[in-house]
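Below: coords_3.tsv (TSV, C-alpha atoms)
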chain	number	residue	atom	x	y	z
J	6	MET	CA	-36.83	-32.88	-59.00
J	7	ARG	CA	-33.97	-35.14	-58.23
J	8	ARG	CA	-31.56	-32.70	-59.82
J	9	THR	CA	-32.73	-29.86	-57.55
J	10	TRP	CA	-32.11	-31.82	-54.37
J	11	ALA	CA	-28.65	-33.05	-55.30
J	12	PRO	CA	-26.92	-29.65	-55.23
J	13	ILE	CA	-28.79	-28.65	-52.06
J	14	MET	CA	-27.76	-31.90	-50.32
J	15	ALA	CA	-24.15	-31.42	-51.44
J	16	LEU	CA	-24.16	-27.87	-50.13
J	17	ALA	CA	-25.69	-28.97	-46.83
J	18	GLY	CA	-23.03	-31.68	-46.47
J	19	LEU	CA	-20.28	-29.17	-47.14
J	20	THR	CA	-21.73	-26.72	-44.63
J	21	ALA	CA	-21.94	-29.43	-41.98
J	22	ALA	CA	-18.34	-30.46	-42.65
J	23	CYS	CA	-17.15	-26.88	-42.29
J	24	ALA	CA	-19.16	-26.38	-39.11
J	25	SER	CA	-17.58	-29.41	-37.47
J	26	VAL	CA	-14.06	-28.02	-37.87
J	27	GLU	CA	-12.98	-26.07	-34.80
J	28	PRO	CA	-11.78	-22.57	-35.53
J	29	SER	CA	-8.08	-22.15	-35.14
J	30	ALA	CA	-6.92	-20.09	-32.18
J	31	PRO	CA	-5.31	-16.77	-32.97
J	32	PRO	CA	-1.54	-16.96	-32.85
J	33	THR	CA	0.03	-16.14	-29.50
J	34	PRO	CA	2.01	-12.94	-29.80
J	35	VAL	CA	5.69	-13.33	-29.14
J	36	VAL	CA	7.00	-10.59	-26.89
J	37	THR	CA	10.71	-10.14	-26.68
J	38	ALA	CA	12.13	-7.58	-24.31
J	39	ALA	CA	15.78	-7.60	-25.12
J	40	ALA	CA	18.10	-5.83	-22.76
J	41	PRO	CA	20.13	-2.98	-24.21
J	42	ALA	CA	23.73	-3.70	-25.20
J	43	PRO	CA	26.45	-2.74	-22.74
J	44	ILE	CA	28.63	0.25	-23.56
J	45	PRO	CA	32.10	-1.04	-24.56
J	46	GLY	CA	34.57	-0.61	-21.70
J	47	TYR	CA	31.85	0.28	-19.14
J	48	ASP	CA	30.33	-2.01	-16.52
J	49	TRP	CA	28.59	-2.15	-13.14
J	50	PHE	CA	31.15	-2.29	-10.31
J	51	LEU	CA	30.27	-3.00	-6.69
J	52	SER	CA	32.30	-1.99	-3.66
J	53	GLU	CA	31.40	-2.54	-0.02
J	54	ASP	CA	33.01	-0.98	3.04
J	55	ALA	CA	31.94	-0.97	6.70
J	56	GLY	CA	28.16	-0.96	6.24
J	57	THR	CA	28.08	1.05	3.01
J	58	ALA	CA	28.00	-0.03	-0.61
J	59	ARG	CA	28.46	1.67	-3.97
J	60	LEU	CA	27.24	0.39	-7.32
J	61	ALA	CA	28.85	2.40	-10.09
J	62	TYR	CA	28.50	2.28	-13.86
J	63	GLY	CA	31.79	3.37	-15.32
J	64	ILE	CA	35.26	2.30	-16.30
J	65	GLU	CA	37.11	0.19	-13.76
J	66	ALA	CA	39.85	1.92	-11.75
J	67	SER	CA	39.07	5.36	-13.20
J	68	ASP	CA	37.11	8.52	-12.40
J	69	GLU	CA	34.83	7.81	-15.37
J	70	LEU	CA	31.35	7.48	-13.84
J	71	LYS	CA	28.00	7.52	-15.63
J	72	LEU	CA	25.75	6.65	-12.68
J	73	GLY	CA	26.42	5.76	-9.06
J	74	LEU	CA	24.18	4.38	-6.34
J	75	ASP	CA	25.26	4.50	-2.69
J	76	CYS	CA	23.55	3.02	0.34
J	77	THR	CA	24.00	2.33	4.01
J	78	VAL	CA	22.72	-1.00	5.32
J	79	GLY	CA	19.20	-0.82	6.72
J	80	THR	CA	18.26	2.73	5.71
J	81	GLY	CA	15.96	1.79	2.81
J	82	LYS	CA	17.43	4.74	0.92
J	83	VAL	CA	19.84	5.06	-1.98
J	84	ASP	CA	21.85	8.13	-2.94
J	85	LEU	CA	22.06	8.68	-6.70
J	86	VAL	CA	25.03	10.37	-8.36
J	87	ALA	CA	24.79	11.19	-12.07
J	88	LEU	CA	26.09	13.55	-14.70
J	89	GLY	CA	23.61	16.06	-16.05
J	90	LYS	CA	23.31	19.14	-18.16
J	91	THR	CA	24.55	22.37	-16.55
J	92	GLY	CA	21.72	23.83	-14.49
J	93	SER	CA	19.84	20.51	-14.23
J	94	SER	CA	17.76	19.89	-11.13
J	95	GLN	CA	16.54	16.34	-11.82
J	96	ILE	CA	17.86	12.87	-12.46
J	97	GLN	CA	15.50	10.97	-14.78
J	98	LEU	CA	15.87	7.19	-14.80
J	99	GLU	CA	14.04	4.48	-16.75
J	100	SER	CA	14.15	0.70	-16.60
J	101	GLY	CA	11.87	-1.69	-18.45
J	102	GLY	CA	9.03	0.79	-18.87
J	103	LYS	CA	9.22	2.32	-15.39
J	104	THR	CA	10.34	5.95	-15.30
J	105	GLU	CA	11.04	8.26	-12.40
J	106	ARG	CA	12.35	11.80	-11.95
J	107	PHE	CA	14.31	12.57	-8.80
J	108	ASP	CA	14.82	16.13	-7.57
J	109	ALA	CA	18.56	16.68	-7.47
J	110	GLU	CA	21.17	19.14	-6.36
J	111	GLY	CA	23.87	19.99	-8.87
J	112	GLU	CA	27.37	21.36	-8.83
J	113	PRO	CA	29.80	21.84	-11.69
J	114	SER	CA	31.70	18.66	-12.50
J	115	GLU	CA	35.46	18.96	-12.35
J	116	LEU	CA	35.91	16.06	-14.77
J	117	HIS	CA	33.10	16.40	-17.32
J	118	ASP	CA	30.99	19.00	-19.06
J	119	GLY	CA	27.82	19.69	-17.14
J	120	ASP	CA	26.88	19.21	-13.51
J	121	LEU	CA	27.34	16.39	-11.05
J	122	LEU	CA	23.84	15.70	-9.71
J	123	THR	CA	22.92	14.06	-6.42
J	124	ALA	CA	19.53	12.87	-5.19
J	125	THR	CA	18.12	10.49	-2.61
J	126	ALA	CA	15.49	7.85	-3.39
J	127	ASP	CA	13.67	5.07	-1.61
J	128	LEU	CA	15.19	1.70	-2.42
J	129	ASP	CA	11.73	0.32	-3.23
J	130	THR	CA	10.98	2.97	-5.89
J	131	PRO	CA	9.46	1.09	-8.88
J	132	VAL	CA	12.18	2.15	-11.35
J	133	LEU	CA	14.89	0.94	-8.97
J	134	GLN	CA	13.10	-2.34	-8.33
J	135	ARG	CA	12.75	-2.82	-12.10
J	136	PHE	CA	16.50	-2.14	-12.41
J	137	ARG	CA	17.07	-4.78	-9.75
J	138	SER	CA	15.08	-7.38	-11.68
J	139	LEU	CA	16.42	-6.53	-15.16
J	140	GLY	CA	20.03	-5.57	-14.37
J	141	TRP	CA	20.01	-2.41	-16.54
J	142	ILE	CA	18.81	1.16	-16.18
J	143	ALA	CA	18.76	4.16	-18.51
J	144	GLN	CA	19.26	7.85	-17.81
J	145	TRP	CA	17.60	10.66	-19.76
J	146	VAL	CA	19.65	13.85	-20.12
J	147	ASP	CA	18.29	16.72	-22.18
J	148	GLY	CA	15.98	14.43	-24.17
J	149	GLU	CA	18.64	11.78	-24.88
J	150	ARG	CA	18.49	8.29	-23.41
J	151	THR	CA	21.61	6.32	-22.50
J	152	ALA	CA	21.20	2.77	-21.19
J	153	TYR	CA	23.63	1.36	-18.65
J	154	ALA	CA	23.69	-2.40	-19.17
J	155	PRO	CA	26.12	-4.85	-17.57
J	156	GLN	CA	28.80	-6.76	-19.40
J	157	PRO	CA	28.06	-10.53	-19.45
J	158	GLY	CA	28.57	-12.01	-15.99
J	159	SER	CA	28.52	-8.77	-13.99
J	160	GLU	CA	24.74	-8.44	-13.70
J	161	VAL	CA	25.07	-10.19	-10.33
J	162	ASN	CA	26.58	-6.97	-8.93
J	163	VAL	CA	23.20	-5.27	-9.26
J	164	GLU	CA	21.44	-7.93	-7.18
J	165	ARG	CA	24.28	-8.01	-4.64
J	166	PHE	CA	23.96	-4.26	-4.17
J	167	PHE	CA	20.21	-4.42	-3.53
J	168	ALA	CA	20.57	-7.44	-1.22
J	169	PHE	CA	23.24	-5.56	0.75
J	170	CYS	CA	21.07	-2.44	1.04
J	171	ASP	CA	17.83	-4.26	2.03
Before we go any further, please render this structure as structure tokens.
Amino acid sequence: MRRTWAPIMALAGLTAACASVEPSAPPTPVVTAAAPAPIPGYDWFLSEDAGTARLAYGIEASDELKLGLDCTVGTGKVDLVALGKTGSSQIQLESGGKTERFDAEGEPSELHDGDLLTATADLDTPVLQRFRSLGWIAQWVDGERTAYAPQPGSEVNVERFFAFCD
């Protein structure tokens, strides 16, 4: 009889030892939201003049513009200027998971293929506020996404623009 109890007691001891060990917590997922890389030679440039400001993604001192934002102090509005496919009637922007389509007017661009599109948006539109916090924004044209990220050190121009326009 002694032999029967020995394995049962050993098993009970092992079970008790296992039960006293706290279960390990599941690993915390690591989320990394890396900003897109800047386009070589392009950057965000800010200019201010008599109550108006322009934030432009392009090449400095050139007519090369990918996306422009214009505002007048205190209006709460921003005018968007972007290149689009010929016949386009929308500017589609995305930043950090927020996406918005803006109805736009287009006219043939004299410098690029396609149309030069213009639209007006509220400064507090979620995609624009996300752009303000992240420093980059992407434009979708004909199913292709191009991200406009600042060169190191120029991300402050994005915040300066929004602070000026507020």
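Take the candidates J:Phe136, J:Phe167, J:Tyr153, J:Trp145 and check each one against Arg106 in chain J using only C-alpha atoms; the shortest distance goes to J:Trp145.
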Write out as a PyMOL selection string which residues come within 7 Å of Ala124 in chain J when counting all atoms listed in the file, dropping same-chain ones fewer than 4 positions away.
chain J and resi 84-86+107-110
Determine the nearest neighbour of Val132 in chain J from the options J:Val146, J:Ala42, J:Leu98, J:Leu74, counting only C-alpha atoms.
J:Leu98
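Selection around (39.2, -1.1, -18.0) with radius 6 Å, counting all atoms listed in the file, yields the residues Gly46, Ile64 and Glu65 of chain J.
The space separating CA of Pro131 in chain J from CA of Ala58 in chain J comes to 20.3 Å.
Closest approach to Thr123 in chain J among J:Ala154, J:Ala87, J:Leu60, J:Ile44 is made by J:Ala87 (distances from all atoms listed in the file).
Atom pair CA of Lys82 in chain J / CA of Gly56 in chain J has a distance of 13.3 Å (rounded to one decimal).
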For Pro41 in chain J, list every protein, DNA or RNA residue within 10 Å, evaluated using all atoms listed in the file, and leave out those in the same chain fewer than 4 positions away; present the list as a PyMOL selection string.
chain J and resi 141-143+151-155
Between J:Asp118, J:Ser67, J:Asp147, J:Thr80, which has the minimum distance to Ser94 in chain J (counting all atoms listed in the file)?
J:Asp147
Which residue gives the smallest distance to Gly89 in chain J among J:Gln156, J:Gln134, J:Asn162, J:Gln144, with all atoms listed in the file counted?
J:Gln144
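Between CA of Asp120 in chain J and CA of Pro43 in chain J lies a distance of 23.8 Å.
Of the residues listed (J:Val163, J:Leu72, J:Ala40, J:Leu133), J:Leu133 shows the shortest atom-to-atom separation from Thr104 in chain J; distances use all atoms listed in the file.
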From (23.1, 24.9, -15.0), in the file's coordinates, out to 9 Å: which residues are reached, counting only C-alpha atoms? Answer as a PyMOL selection string.
chain J and resi 89-94+111-113+119-120
